[in-house]
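So this one's model_36.cif, mmCIF, C-alpha atoms and all ligand atoms:
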```
data_run
#
loop_
_atom_site.label_atom_id
_atom_site.label_comp_id
_atom_site.auth_asym_id
_atom_site.auth_seq_id
_atom_site.Cartn_x
_atom_site.Cartn_y
_atom_site.Cartn_z
CA MET A 1 17.51 17.32 -18.27
CA ALA A 2 19.91 14.50 -19.11
CA VAL A 3 19.28 11.05 -17.67
CA GLU A 4 22.25 9.90 -15.65
CA ALA A 5 23.90 6.52 -16.13
CA HIS A 6 23.03 4.57 -13.06
CA ALA A 7 24.19 1.37 -11.41
CA PRO A 8 21.43 -1.23 -10.95
CA ALA A 9 20.23 -1.36 -7.36
CA THR A 10 20.83 -5.08 -6.91
CA ALA A 11 24.37 -6.42 -6.98
CA LEU A 12 25.66 -4.88 -3.76
CA THR A 13 25.38 -6.40 -0.33
CA PRO A 14 24.70 -4.04 2.55
CA PRO A 15 27.49 -3.78 5.13
CA ALA A 16 26.72 -5.12 8.59
CA PRO A 17 24.61 -2.42 10.21
CA SER A 18 25.71 -0.79 13.42
CA PRO A 19 24.09 -2.19 16.60
CA VAL A 20 21.79 0.84 16.66
CA VAL A 21 20.61 0.16 13.13
CA ALA A 22 20.42 -3.60 13.77
CA ALA A 23 18.14 -3.00 16.73
CA SER A 24 15.74 -1.05 14.58
CA ALA A 25 16.02 -3.06 11.38
CA ALA A 26 13.21 -5.49 12.09
CA ALA A 27 10.96 -2.72 13.26
CA GLY A 28 9.08 -0.11 11.29
CA SER A 29 5.38 -0.52 11.94
CA ILE A 30 3.29 2.64 12.20
CA ALA A 31 -0.24 2.91 13.52
CA LEU A 32 -2.55 5.89 13.72
CA ASP A 33 -5.36 5.19 16.12
CA GLN A 34 -8.43 7.42 15.79
CA VAL A 35 -6.35 10.51 15.18
CA TRP A 36 -8.06 13.91 15.05
CA HIS A 37 -6.11 17.08 14.43
CA ARG A 38 -6.86 20.77 14.27
CA PHE A 39 -4.43 23.67 14.26
CA GLY A 40 -4.25 26.59 16.67
CA ASN A 41 -6.49 26.89 19.69
CA GLY A 42 -9.21 24.73 18.17
CA SER A 43 -11.69 27.52 17.59
CA GLY A 44 -12.51 28.82 14.13
CA ASP A 45 -11.16 26.37 11.58
CA GLY A 46 -12.55 22.86 11.49
CA TRP A 47 -10.68 19.59 11.78
CA CYS A 48 -7.69 19.14 9.50
CA LEU A 49 -7.75 15.35 10.13
CA GLU A 50 -10.81 13.48 11.36
CA ASP A 51 -10.92 10.12 13.07
CA LEU A 52 -8.07 8.67 11.08
CA SER A 53 -7.01 5.07 11.74
CA LEU A 54 -4.31 3.58 9.57
CA GLY A 55 -1.64 0.90 9.92
CA LEU A 56 1.67 0.32 8.15
CA GLU A 57 3.48 -3.02 8.36
CA PRO A 58 7.27 -3.21 8.71
CA GLY A 59 8.90 -2.84 5.29
CA GLU A 60 5.69 -1.65 3.65
CA LEU A 61 5.53 1.30 1.24
CA LEU A 62 2.27 3.15 1.81
CA GLY A 63 1.11 5.83 -0.63
CA LEU A 64 -0.81 8.85 0.67
CA LEU A 65 -2.98 10.31 -2.05
CA GLY A 66 -5.47 13.16 -2.04
CA PRO A 67 -6.21 16.65 -3.33
CA SER A 68 -4.32 19.70 -2.18
CA GLY A 69 -5.08 20.64 1.42
CA CYS A 70 -6.60 17.27 2.42
CA GLY A 71 -4.05 16.79 5.21
CA LYS A 72 -1.29 14.60 3.71
CA THR A 73 1.66 16.65 4.99
CA THR A 74 0.00 17.12 8.37
CA LEU A 75 -0.29 13.34 8.66
CA LEU A 76 3.45 12.97 7.99
CA ARG A 77 4.21 15.68 10.54
CA LEU A 78 2.15 13.86 13.15
CA ILE A 79 4.10 10.64 12.54
CA ALA A 80 7.43 12.49 12.66
CA GLY A 81 6.45 14.33 15.85
CA PHE A 82 6.42 17.89 14.45
CA GLU A 83 2.74 18.13 15.41
CA ARG A 84 0.84 16.65 18.35
CA PRO A 85 -2.51 15.07 17.55
CA SER A 86 -5.46 16.87 19.14
CA ARG A 87 -6.98 13.45 19.90
CA GLY A 88 -5.98 9.84 19.32
CA ARG A 89 -2.64 8.07 19.31
CA VAL A 90 0.38 7.50 17.05
CA LEU A 91 2.28 4.25 17.61
CA LEU A 92 5.68 3.24 16.24
CA ASP A 93 6.64 -0.43 16.60
CA GLY A 94 3.54 -0.85 18.74
CA ARG A 95 4.70 1.77 21.20
CA GLU A 96 2.74 4.96 21.78
CA VAL A 97 4.86 7.96 20.71
CA ALA A 98 2.04 10.51 20.77
CA GLY A 99 -1.20 10.33 22.68
CA PRO A 100 -2.90 11.28 25.89
CA HIS A 101 -0.26 9.61 28.04
CA HIS A 102 2.99 9.59 26.04
CA TRP A 103 5.08 11.89 23.94
CA LEU A 104 8.34 10.93 22.27
CA ALA A 105 10.38 13.80 20.80
CA PRO A 106 10.92 13.72 17.01
CA GLU A 107 14.67 13.08 17.26
CA ARG A 108 14.03 9.93 19.31
CA ARG A 109 11.55 8.34 16.93
CA GLY A 110 13.99 6.98 14.32
CA VAL A 111 11.93 8.52 11.55
CA GLY A 112 13.56 10.08 8.46
CA MET A 113 12.02 12.65 6.13
CA LEU A 114 12.64 13.50 2.51
CA PHE A 115 11.14 16.56 0.85
CA GLN A 116 10.71 17.69 -2.73
CA ASP A 117 13.21 20.53 -2.37
CA TYR A 118 16.08 18.19 -1.32
CA ALA A 119 17.26 20.55 1.48
CA LEU A 120 20.90 19.69 0.83
CA PHE A 121 23.53 21.88 2.44
CA PRO A 122 25.17 23.91 -0.36
CA HIS A 123 28.45 24.36 1.53
CA LEU A 124 28.94 20.62 2.10
CA THR A 125 30.16 18.09 -0.46
CA ALA A 126 28.00 15.15 -1.52
CA TRP A 127 29.89 12.92 0.92
CA GLN A 128 29.50 15.39 3.79
CA ASN A 129 25.82 15.84 3.02
CA ALA A 130 25.27 12.07 2.98
CA CYS A 131 27.09 11.68 6.31
CA PHE A 132 25.28 14.60 7.94
CA GLY A 133 22.83 12.52 9.98
CA LEU A 134 25.71 10.38 11.24
CA ALA A 135 27.72 13.46 12.18
CA ARG A 136 24.83 14.59 14.35
CA GLY A 137 25.23 11.36 16.25
CA SER A 138 21.58 10.46 15.80
CA ARG A 139 20.00 7.61 13.91
CA SER A 140 17.14 9.87 12.99
CA ALA A 141 17.20 11.94 9.82
CA ILE A 142 14.32 14.10 11.02
CA GLY A 143 14.59 17.78 10.57
CA HIS A 144 14.01 19.43 7.28
CA GLY A 145 17.24 21.38 7.19
CA SER A 146 17.39 21.44 10.97
CA GLY A 147 20.78 21.25 12.57
CA GLN A 148 22.25 23.49 9.91
CA GLY A 149 24.10 25.33 12.61
CA HIS A 150 25.83 22.13 13.73
CA GLY A 151 28.40 22.41 10.95
CA PHE A 152 30.32 19.30 10.02
CA ALA A 153 33.04 19.56 12.63
CA GLN A 154 31.65 16.70 14.70
CA GLY A 155 33.03 14.10 12.28
CA HIS A 156 31.59 11.80 9.69
CA GLY A 157 30.06 9.25 12.04
CA SER A 158 31.36 5.79 12.87
CA ALA A 159 33.30 3.56 10.45
CA GLN A 160 30.15 1.44 10.09
CA GLY A 161 28.13 4.53 9.36
CA GLN A 162 30.58 5.60 6.68
CA GLU A 163 30.54 2.14 5.18
CA ARG A 164 26.76 2.37 4.99
CA VAL A 165 26.99 5.78 3.28
CA ARG A 166 29.44 4.32 0.72
CA TRP A 167 27.01 1.45 0.13
CA LEU A 168 24.07 3.82 -0.31
CA LEU A 169 25.95 6.16 -2.66
CA SER A 170 26.99 3.19 -4.76
CA LEU A 171 23.45 1.77 -4.75
CA LEU A 172 22.13 5.12 -5.89
CA GLY A 173 24.70 5.49 -8.68
CA LEU A 174 26.57 8.35 -7.04
CA ASP A 175 30.05 6.84 -6.72
CA GLY A 176 32.73 9.15 -8.02
CA LEU A 177 30.65 12.22 -7.15
CA GLU A 178 31.47 12.28 -3.44
CA GLN A 179 33.57 15.47 -3.60
CA ARG A 180 31.10 17.45 -5.70
CA TYR A 181 29.00 20.21 -4.16
CA PRO A 182 25.20 20.13 -4.69
CA HIS A 183 25.29 22.92 -7.32
CA ALA A 184 27.49 20.67 -9.49
CA LEU A 185 24.98 17.79 -9.45
CA SER A 186 21.96 17.31 -11.70
CA GLY A 187 18.44 17.45 -10.24
CA GLY A 188 18.18 13.65 -10.25
CA GLN A 189 21.60 13.28 -8.59
CA ARG A 190 20.66 15.82 -5.92
CA GLN A 191 17.45 14.00 -5.13
CA ARG A 192 19.33 10.68 -4.93
CA LEU A 193 21.84 12.29 -2.60
CA ALA A 194 18.99 13.56 -0.41
CA LEU A 195 17.62 9.99 -0.37
CA ALA A 196 21.05 8.62 0.64
CA ARG A 197 21.29 11.22 3.42
CA ALA A 198 17.82 10.34 4.74
CA LEU A 199 18.63 6.61 4.73
CA ALA A 200 22.19 6.84 6.08
CA PRO A 201 21.28 6.84 9.78
CA GLY A 202 19.15 3.69 9.20
CA PRO A 203 15.72 5.15 10.00
CA ARG A 204 13.02 2.60 10.79
CA VAL A 205 10.54 4.68 8.90
CA LEU A 206 11.04 7.11 6.03
CA LEU A 207 8.47 9.80 5.26
CA LEU A 208 8.61 11.05 1.68
CA ASP A 209 6.73 14.27 0.89
CA GLU A 210 6.37 14.49 -2.89
CA PRO A 211 10.05 13.66 -3.31
CA PHE A 212 9.94 13.45 -7.11
CA SER A 213 7.74 16.40 -8.00
CA ASN A 214 10.67 18.67 -8.95
CA LEU A 215 12.17 16.13 -11.32
CA ASP A 216 11.78 15.79 -15.07
CA GLY A 217 9.72 12.91 -16.46
CA GLU A 218 12.36 10.27 -17.14
CA VAL A 219 14.50 10.90 -14.06
CA ARG A 220 11.33 10.86 -11.98
CA LEU A 221 10.21 7.56 -13.51
CA ARG A 222 13.58 5.96 -12.91
CA LEU A 223 13.85 7.09 -9.29
CA ARG A 224 10.36 6.01 -8.39
CA ARG A 225 11.01 2.58 -9.96
CA GLU A 226 14.14 2.21 -7.85
CA LEU A 227 12.50 3.29 -4.61
CA PRO A 228 10.75 0.04 -3.58
CA SER A 229 13.89 -2.06 -4.06
CA LEU A 230 16.03 0.50 -2.22
CA LEU A 231 13.64 0.55 0.74
CA ARG A 232 13.59 -3.26 0.82
CA GLN A 233 17.37 -3.40 0.88
CA CYS A 234 17.44 -0.85 3.70
CA GLN A 235 14.60 -2.66 5.51
CA THR A 236 12.84 0.65 5.91
CA SER A 237 9.07 1.24 5.94
CA ALA A 238 7.94 4.34 4.11
CA VAL A 239 5.01 6.65 3.56
CA LEU A 240 5.02 8.38 0.18
CA VAL A 241 2.89 11.51 -0.25
CA THR A 242 1.98 12.24 -3.84
CA HIS A 243 -0.59 14.13 -5.90
CA ASP A 244 -0.07 11.71 -8.75
CA PRO A 245 -2.34 8.63 -8.69
CA GLN A 246 -0.20 6.89 -11.35
CA GLU A 247 2.86 7.26 -9.14
CA ALA A 248 1.07 5.79 -6.13
CA LEU A 249 -0.47 2.94 -8.14
CA ALA A 250 2.89 2.11 -9.73
CA VAL A 251 5.10 1.79 -6.65
CA CYS A 252 3.12 1.50 -3.42
CA ASP A 253 2.09 -1.71 -1.65
CA ARG A 254 -1.06 0.01 -0.44
CA ILE A 255 -2.54 3.42 -1.01
CA ALA A 256 -4.51 5.53 1.46
CA VAL A 257 -6.83 8.05 -0.22
CA LEU A 258 -7.71 11.13 1.83
CA SER A 259 -10.47 13.65 1.20
CA ALA A 260 -10.84 16.73 3.39
CA GLY A 261 -9.02 15.10 6.30
CA ARG A 262 -10.96 11.83 6.15
CA LEU A 263 -9.72 8.45 5.03
CA GLU A 264 -11.82 7.34 2.04
CA GLN A 265 -10.07 4.03 1.42
CA CYS A 266 -6.80 2.23 2.10
CA ALA A 267 -6.11 -0.71 -0.20
CA PRO A 268 -3.62 -2.24 -2.66
CA ALA A 269 -3.60 -0.63 -6.12
CA GLN A 270 -5.62 -3.33 -7.86
CA GLU A 271 -8.36 -3.26 -5.25
CA LEU A 272 -8.52 0.52 -5.34
CA VAL A 273 -9.04 0.43 -9.09
CA SER A 274 -11.46 -2.51 -9.26
CA ARG A 275 -13.41 -1.83 -6.06
CA PRO A 276 -13.26 1.88 -5.22
CA ALA A 277 -15.00 2.60 -1.92
CA SER A 278 -16.61 5.82 -3.15
CA ALA A 279 -17.24 7.89 -6.26
CA PHE A 280 -14.58 10.27 -4.92
CA VAL A 281 -11.92 7.53 -4.96
CA ALA A 282 -12.90 6.47 -8.49
CA ARG A 283 -12.76 10.06 -9.71
CA PHE A 284 -9.51 10.90 -8.00
CA VAL A 285 -7.58 7.68 -8.58
CA MET A 286 -8.83 6.65 -12.04
CA GLN A 287 -10.24 9.94 -13.32
CA ALA A 288 -13.41 7.87 -13.85
CA ASN A 289 -16.53 9.40 -15.34
CA VAL A 290 -19.38 9.66 -12.85
CA LEU A 291 -23.04 10.20 -13.79
CA PRO A 292 -25.93 11.16 -11.53
CA ALA A 293 -28.77 8.63 -11.32
CA ARG A 294 -32.12 8.27 -9.54
CA LEU A 295 -34.31 5.45 -8.44
CA GLN A 296 -37.71 5.76 -10.16
CA ALA A 297 -40.48 3.18 -10.18
CA GLY A 298 -38.02 0.55 -9.00
CA GLU A 299 -35.58 1.30 -11.80
CA LEU A 300 -32.25 3.01 -11.80
CA GLN A 301 -32.53 5.81 -14.33
CA SER A 302 -30.26 8.49 -15.66
CA ALA A 303 -30.55 11.12 -18.36
CA TRP A 304 -28.47 8.89 -20.67
CA GLY A 305 -30.23 5.55 -20.16
CA ARG A 306 -31.23 2.91 -17.59
CA TRP A 307 -29.10 0.70 -15.38
CA ARG A 308 -29.82 -2.65 -13.78
CA PRO A 309 -27.99 -4.38 -10.92
CA SER A 310 -25.51 -7.07 -11.96
CA GLY A 311 -23.28 -9.52 -10.14
CA PRO A 312 -23.74 -10.51 -6.48
CA GLY A 313 -26.89 -9.03 -4.93
CA SER A 314 -28.56 -8.38 -8.27
CA ASN A 315 -31.54 -10.58 -7.36
CA ALA A 316 -32.40 -8.31 -4.45
CA PRO A 317 -31.61 -4.92 -5.91
CA GLN A 318 -34.26 -2.90 -4.14
CA GLU A 319 -32.87 -3.65 -0.69
CA ARG A 320 -29.37 -2.71 -1.78
CA MET A 321 -30.27 0.45 -3.63
CA PRO A 322 -29.94 3.41 -1.32
CA GLY A 323 -32.23 6.42 -1.30
CA GLY A 324 -31.05 10.00 -1.79
CA PRO A 325 -28.70 11.27 -4.48
CA LEU A 326 -27.08 8.45 -6.43
CA GLU A 327 -24.02 8.33 -8.64
CA VAL A 328 -22.79 5.70 -11.07
CA VAL A 329 -19.05 5.37 -11.63
CA LEU A 330 -18.53 4.24 -15.22
CA LEU A 331 -16.12 1.35 -15.84
CA GLY A 332 -14.49 0.89 -19.24
CA GLU A 333 -16.36 1.93 -22.37
CA ALA A 334 -19.84 2.47 -20.94
CA LEU A 335 -20.47 5.74 -22.75
CA GLY A 336 -20.81 6.35 -26.51
CA LEU A 337 -20.48 9.72 -28.27
CA GLU A 338 -21.40 11.00 -31.71
CA ALA A 339 -21.48 14.33 -33.48
CA ASP A 340 -25.03 15.69 -33.37
CA PRO A 341 -25.92 19.33 -34.09
CA GLN A 342 -29.13 18.86 -32.02
CA GLY A 343 -27.31 17.12 -29.12
CA THR A 344 -27.30 18.48 -25.56
CA ALA A 345 -23.59 17.76 -25.04
CA ARG A 346 -20.78 20.10 -26.03
CA VAL A 347 -17.08 19.49 -26.58
CA LEU A 348 -15.19 21.86 -24.28
CA GLY A 349 -11.67 20.88 -25.32
CA ARG A 350 -9.47 18.09 -26.62
CA GLU A 351 -5.96 16.81 -26.02
CA PHE A 352 -3.79 14.88 -28.45
CA HIS A 353 -2.65 11.62 -26.82
CA GLY A 354 -0.67 10.05 -29.68
CA SER A 355 -3.04 7.17 -30.47
CA HIS A 356 -6.32 9.06 -29.78
CA TRP A 357 -7.91 12.36 -28.77
CA GLN A 358 -9.09 12.83 -25.20
CA LEU A 359 -12.22 14.98 -25.24
CA ASP A 360 -13.53 17.10 -22.41
CA VAL A 361 -17.32 17.06 -22.77
CA GLU A 362 -20.12 18.73 -20.81
CA ASP A 363 -23.67 17.38 -20.80
CA ARG A 364 -26.55 18.39 -18.51
CA GLY A 365 -24.24 19.60 -15.76
CA SER A 366 -21.88 16.59 -15.88
CA ARG A 367 -18.27 17.01 -17.00
CA LEU A 368 -16.89 13.91 -18.72
CA SER A 369 -13.66 12.79 -20.35
CA LEU A 370 -13.90 10.52 -23.40
CA GLN A 371 -11.49 8.93 -25.85
CA VAL A 372 -12.19 9.22 -29.57
CA PRO A 373 -10.12 7.96 -32.53
CA LEU A 374 -7.67 10.30 -34.24
CA GLY A 375 -10.01 10.49 -37.24
CA SER A 376 -12.93 11.80 -35.16
CA PRO A 377 -14.36 15.05 -36.59
CA LEU A 378 -15.34 16.36 -33.13
CA GLN A 379 -13.84 19.76 -32.34
CA PRO A 380 -14.05 22.04 -29.30
CA GLY A 381 -17.31 24.02 -29.36
CA GLN A 382 -19.18 21.37 -31.35
CA SER A 383 -22.46 19.82 -30.19
CA CYS A 384 -22.75 16.09 -29.76
CA SER A 385 -24.85 13.48 -27.99
CA LEU A 386 -23.94 10.89 -25.41
CA HIS A 387 -25.59 7.54 -24.73
CA LEU A 388 -24.96 4.57 -22.48
CA VAL A 389 -23.62 1.53 -24.31
CA ARG A 390 -25.72 -1.61 -23.74
CA GLY A 391 -23.86 -4.01 -21.43
CA GLY A 392 -21.53 -1.22 -20.21
CA ARG A 393 -20.64 -1.60 -16.52
CA GLY A 394 -20.67 0.71 -13.56
CA ILE A 395 -20.66 0.91 -9.76
CA LEU A 396 -23.50 2.58 -7.90
CA PHE A 397 -22.72 4.85 -4.95
CA PRO A 398 -23.41 4.99 -2.13
CA GLY A 399 -23.30 1.27 -1.50
CA GLY A 400 -20.95 0.00 -4.24
CA LEU A 401 -23.54 -2.16 -6.06
CA SER A 402 -22.38 -3.42 -9.49
CA VAL A 403 -24.68 -2.25 -12.28
CA GLU A 404 -24.84 -2.60 -16.05
CA VAL A 405 -26.59 -0.66 -18.76
CA ALA A 406 -30.09 -2.10 -19.25
P1 LIG A 501 -0.75 19.86 -0.44
O1 LIG A 501 -1.02 18.65 -1.28
O2 LIG A 501 -1.23 21.13 -1.09
O3 LIG A 501 0.65 19.94 0.05
P2 LIG A 501 -1.74 18.63 1.98
O4 LIG A 501 -2.74 17.57 1.69
O5 LIG A 501 -0.36 18.18 2.31
O6 LIG A 501 -1.73 19.72 0.84
P3 LIG A 501 -1.67 19.96 4.54
O7 LIG A 501 -0.43 20.74 4.28
O8 LIG A 501 -1.57 18.81 5.47
O9 LIG A 501 -2.35 19.49 3.18
O10 LIG A 501 -2.76 20.96 5.09
C1 LIG A 501 -4.06 20.53 5.45
C2 LIG A 501 -4.88 21.72 5.91
O11 LIG A 501 -4.34 22.24 7.12
C3 LIG A 501 -4.89 22.88 4.93
O12 LIG A 501 -6.18 23.43 4.93
C4 LIG A 501 -3.88 23.83 5.48
O13 LIG A 501 -4.19 25.16 5.13
C5 LIG A 501 -4.00 23.62 6.96
N1 LIG A 501 -2.74 23.85 7.69
C6 LIG A 501 -1.55 23.24 7.46
N2 LIG A 501 -0.62 23.67 8.32
C7 LIG A 501 -1.25 24.60 9.12
C8 LIG A 501 -0.82 25.40 10.22
N3 LIG A 501 0.43 25.33 10.70
N4 LIG A 501 -1.74 26.21 10.79
C9 LIG A 501 -3.01 26.27 10.35
N5 LIG A 501 -3.47 25.52 9.32
C10 LIG A 501 -2.61 24.70 8.71
#
```
Rewrite the coordinates I just gave you, this time as structure tokens.
Ligand code: ATP
Amino acid sequence: MAVEAHAPATALTPPAPSPVVAASAAAGSIALDQVWHRFGNGSGDGWCLEDLSLGLEPGELLGLLGPSGCGKTTLLRLIAGFERPSRGRVLLDGREVAGPHHWLAPERRGVGMLFQDYALFPHLTAWQNACFGLARGSRSAIGHGSGQGHGFAQGHGSAQGQERVRWLLSLLGLDGLEQRYPHALSGGQRQRLALARALAPGPRVLLLDEPFSNLDGEVRLRLRRELPSLLRQCQTSAVLVTHDPQEALAVCDRIAVLSAGRLEQCAPAQELVSRPASAFVARFVMQANVLPARLQAGELQSAWGRWRPSGPGSNAPQERMPGGPLEVVLLGEALGLEADPQGTARVLGREFHGSHWQLDVEDRGSRLSLQVPLGSPLQPGQSCSLHLVRGGRGILFPGGLSVEVA
């Protein structure tokens, strides 16, 4: 797919927003307060979301990260008002919009949504698509394709609304394409148009459900780089659902990591990487290697070597070392590997990464990913041995105690 020439998202000044938009511009906070959700009549399946509390400041871009089926889309649908929480409350701008006592309909929440499949109307031009939310006379862009039956006969919105659409199209590098139909736009242009349409009514909050997953690498990179600045200029808060940890780390102010409907951690990218709250977060966000360990005779042992506590709390390790199954998340180069016909480890596969090979290795029930130089003789199927590198660092879970190889 070709990469489109694109105007930088900086030089333009937004037109004065309409009074409706102005009233909502300073707003945009979201709070989920002890939200539980299950589908259907509550019998059978378990909770889809469990005891979830999460806050989003006005103007913030929050990433929502987690494996398939962990509840990311359901969380967006609860914020938008397409689902009612089974328990707990959803607040927008500090006001309860869903909870035991209040319910605000989706179209009155001022929340926009953008999906990976664009949901543009094929029979409308780019301009008409972008103005669609204005034509509906609502400042909400909610409704994945909803309102299709409204047609475009109601007009293109107010003059201010149209001015905003012109500003957005220009900001997104779509000027000159206003009269084109979606089929005559590239994938990147279509997704930009969908973004313009979602932002045109001036939503306080924009919910983005994997908006870039259908795009090719370079277009995807460019759009996701532009997103934070675009949202800032529109003074819109946003929640971005993604499967891709790199995407979340690259663009989001904070990232919430979900696992099976539970919030594992919500933190800025650097904190998530340097102080993961669980082995799950380290595995999912950094693809970190994790080794089982056990506490034996006061020492932290593993099949590959011994660990000792380091950093704060290391003088009172016993009290901080939990009982039960333990895991050490490896940081940096804590694991060494060499070819060894007698070794217990086996190379399962390897990927060429330009400057090195990435090996997939199995040893004593643990699956690990290791970098080796291009000249390494290790091939899939070969035996090898692994050892902990003296001074290598790790984090012990549960508890999060810093450890190093003894
Ligand atoms: P993915 O990344 O694959 O899109 P997700 O994290 O967005 O997944 P959800 O779509 O929120 O996950 O679904 C969470 C769980 O709720 C899944 O187990 C899913 O099967 C279930 N679920 C979603 N919608 C419904 C529904 N309408 N009725 C019953 N179960 C549902």
Checklist outcome for this item: CA of Leu65 in chain A to CA of Leu207 in chain A measures 13.6 Å
Item to check | Neighbourhood of ligand LIG 501 (chain A) at 6 Å, counting only C-alpha atoms and all ligand atoms, reported as JSON, numbers by chain | outcome: {"A": [39, 48, 67, 68, 69, 70, 71, 72, 73, 74]}
Proximity of range 248-340 of chain A to range 382-403 of chain A: per-residue shortest pair, 10 Å limit, only C-alpha atoms, as CSV:
```
residue,atom,partner,partner_atom,distance
A:Ser274,CA,A:Ile395,CA,9.8
A:Arg275,CA,A:Gly400,CA,8.0
A:Pro276,CA,A:Gly400,CA,8.0
A:Ala277,CA,A:Gly400,CA,6.9
A:Ser278,CA,A:Phe397,CA,6.4
A:Ala279,CA,A:Phe397,CA,6.4
A:Phe280,CA,A:Phe397,CA,9.8
A:Ala282,CA,A:Ile395,CA,9.6
A:Asn289,CA,A:Gly394,CA,9.8
A:Val290,CA,A:Gly394,CA,9.1
A:Leu291,CA,A:Leu396,CA,9.6
A:Pro292,CA,A:Leu396,CA,9.6
A:Ala293,CA,A:Leu396,CA,8.7
A:Leu300,CA,A:Val403,CA,9.2
A:Ser302,CA,A:Leu388,CA,9.5
A:Ala303,CA,A:His387,CA,8.8
A:Trp304,CA,A:His387,CA,5.2
A:Gly305,CA,A:Leu388,CA,5.8
A:Arg306,CA,A:Leu388,CA,8.1
A:Trp307,CA,A:Val403,CA,6.2
A:Arg308,CA,A:Val403,CA,5.4
A:Pro309,CA,A:Val403,CA,4.2
A:Ser310,CA,A:Val403,CA,4.9
A:Gly311,CA,A:Ser402,CA,6.2
A:Pro312,CA,A:Ser402,CA,7.8
A:Gly313,CA,A:Leu401,CA,7.7
A:Ser314,CA,A:Ser402,CA,8.0
A:Pro317,CA,A:Leu401,CA,8.5
A:Arg320,CA,A:Leu401,CA,7.3
A:Met321,CA,A:Gly399,CA,7.3
A:Pro322,CA,A:Pro398,CA,6.8
A:Gly323,CA,A:Pro398,CA,9.0
A:Gly324,CA,A:Pro398,CA,9.1
A:Pro325,CA,A:Pro398,CA,8.5
A:Leu326,CA,A:Phe397,CA,5.8
A:Glu327,CA,A:Phe397,CA,5.2
A:Val328,CA,A:Leu396,CA,4.5
A:Val329,CA,A:Ile395,CA,5.1
A:Leu330,CA,A:Gly394,CA,4.4
A:Leu331,CA,A:Gly394,CA,5.1
A:Gly332,CA,A:Arg393,CA,7.2
A:Glu333,CA,A:Gly392,CA,6.4
A:Ala334,CA,A:Gly392,CA,4.1
A:Leu335,CA,A:Leu388,CA,4.6
A:Gly336,CA,A:His387,CA,5.2
A:Leu337,CA,A:Leu386,CA,4.6
A:Glu338,CA,A:Cys384,CA,5.6
A:Ala339,CA,A:Cys384,CA,4.3
A:Asp340,CA,A:Cys384,CA,4.3
```
Next on the checklist: List the spatial neighbours of Val347 in chain A as a PyMOL selection string - criterion: any atom at most 10 Å away, only C-alpha atoms, same-chain residues fewer than 3 positions off excluded.
Outcome noted: chain A and resi 339+350+359-363+367-369+378-385
If we draw a sphere of 6 Å around (19.7, 7.2, -7.2), which residues have at least one atom in it when counting all atoms listed in the file? Please report them as a PDB file with C-alpha atoms, in the coordinates of the input.
```pdb
ATOM      1  CA  LEU A 172      22.130   5.120  -5.890  1.00  0.00           C
ATOM      2  CA  GLY A 173      24.700   5.490  -8.680  1.00  0.00           C
ATOM      3  CA  ARG A 192      19.330  10.680  -4.930  1.00  0.00           C
TER       4      ARG A 192
END
```
Item to check | Gap from CA of Arg294 in chain A to CA of Val372 in chain A - Å, one decimal | outcome: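 Between these atoms lies a distance of 28.3 Å.
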Checklist outcome for this item: Computed gap from CA of Val205 in chain A to CA of Val111 in chain A is 4.9 Å
Item to check | Best match for closeness to Leu120 in chain A among A:Arg197, A:Arg220, A:Arg346, A:Arg108, counting only C-alpha atoms | outcome: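 Ranked by minimum distance to Leu120 in chain A, first place goes to A:Arg197.
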Next on the checklist: Using only C-alpha atoms, can you tell me which of A:Ile79, A:His37, A:Tyr181, A:Glu247 comes closest to Leu227 in chain A?
Outcome noted: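 The answer is A:Glu247, which sits nearest to Leu227 in chain A.
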Checklist entry - Which polymer residues, protein or nucleic acid, are no farther than 9 Å from (-2.1, -0.9, -2.3), counting all atoms listed in the file, as a ChimeraX atom specification? => result /A:61-63,248-249,251-256,266-272
Expected file: the selected residues, C-alpha atoms, as an mmCIF file, in the frame of the given file:
```cif
data_model
loop_
_atom_site.group_PDB
_atom_site.id
_atom_site.type_symbol
_atom_site.label_atom_id
_atom_site.label_comp_id
_atom_site.auth_asym_id
_atom_site.auth_seq_id
_atom_site.Cartn_x
_atom_site.Cartn_y
_atom_site.Cartn_z
ATOM 1 C CA LEU A 61 5.530 1.300 1.240
ATOM 2 C CA LEU A 62 2.270 3.150 1.810
ATOM 3 C CA GLY A 63 1.110 5.830 -0.630
ATOM 4 C CA ALA A 248 1.070 5.790 -6.130
ATOM 5 C CA LEU A 249 -0.470 2.940 -8.140
ATOM 6 C CA VAL A 251 5.100 1.790 -6.650
ATOM 7 C CA CYS A 252 3.120 1.500 -3.420
ATOM 8 C CA ASP A 253 2.090 -1.710 -1.650
ATOM 9 C CA ARG A 254 -1.060 0.010 -0.440
ATOM 10 C CA ILE A 255 -2.540 3.420 -1.010
ATOM 11 C CA ALA A 256 -4.510 5.530 1.460
ATOM 12 C CA CYS A 266 -6.800 2.230 2.100
ATOM 13 C CA ALA A 267 -6.110 -0.710 -0.200
ATOM 14 C CA PRO A 268 -3.620 -2.240 -2.660
ATOM 15 C CA ALA A 269 -3.600 -0.630 -6.120
ATOM 16 C CA GLN A 270 -5.620 -3.330 -7.860
ATOM 17 C CA GLU A 271 -8.360 -3.260 -5.250
ATOM 18 C CA LEU A 272 -8.520 0.520 -5.340
#
```
Next on the checklist: Please determine, counting all atoms listed in the file, which residue among A:Gly354, A:Gly55, A:Gly343, A:Gly161 has the shortest atom-to-atom distance to Ser237 in chain A.
Outcome noted: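 Counting all atoms listed in the file, the residue closest to Ser237 in chain A is A:Gly55.
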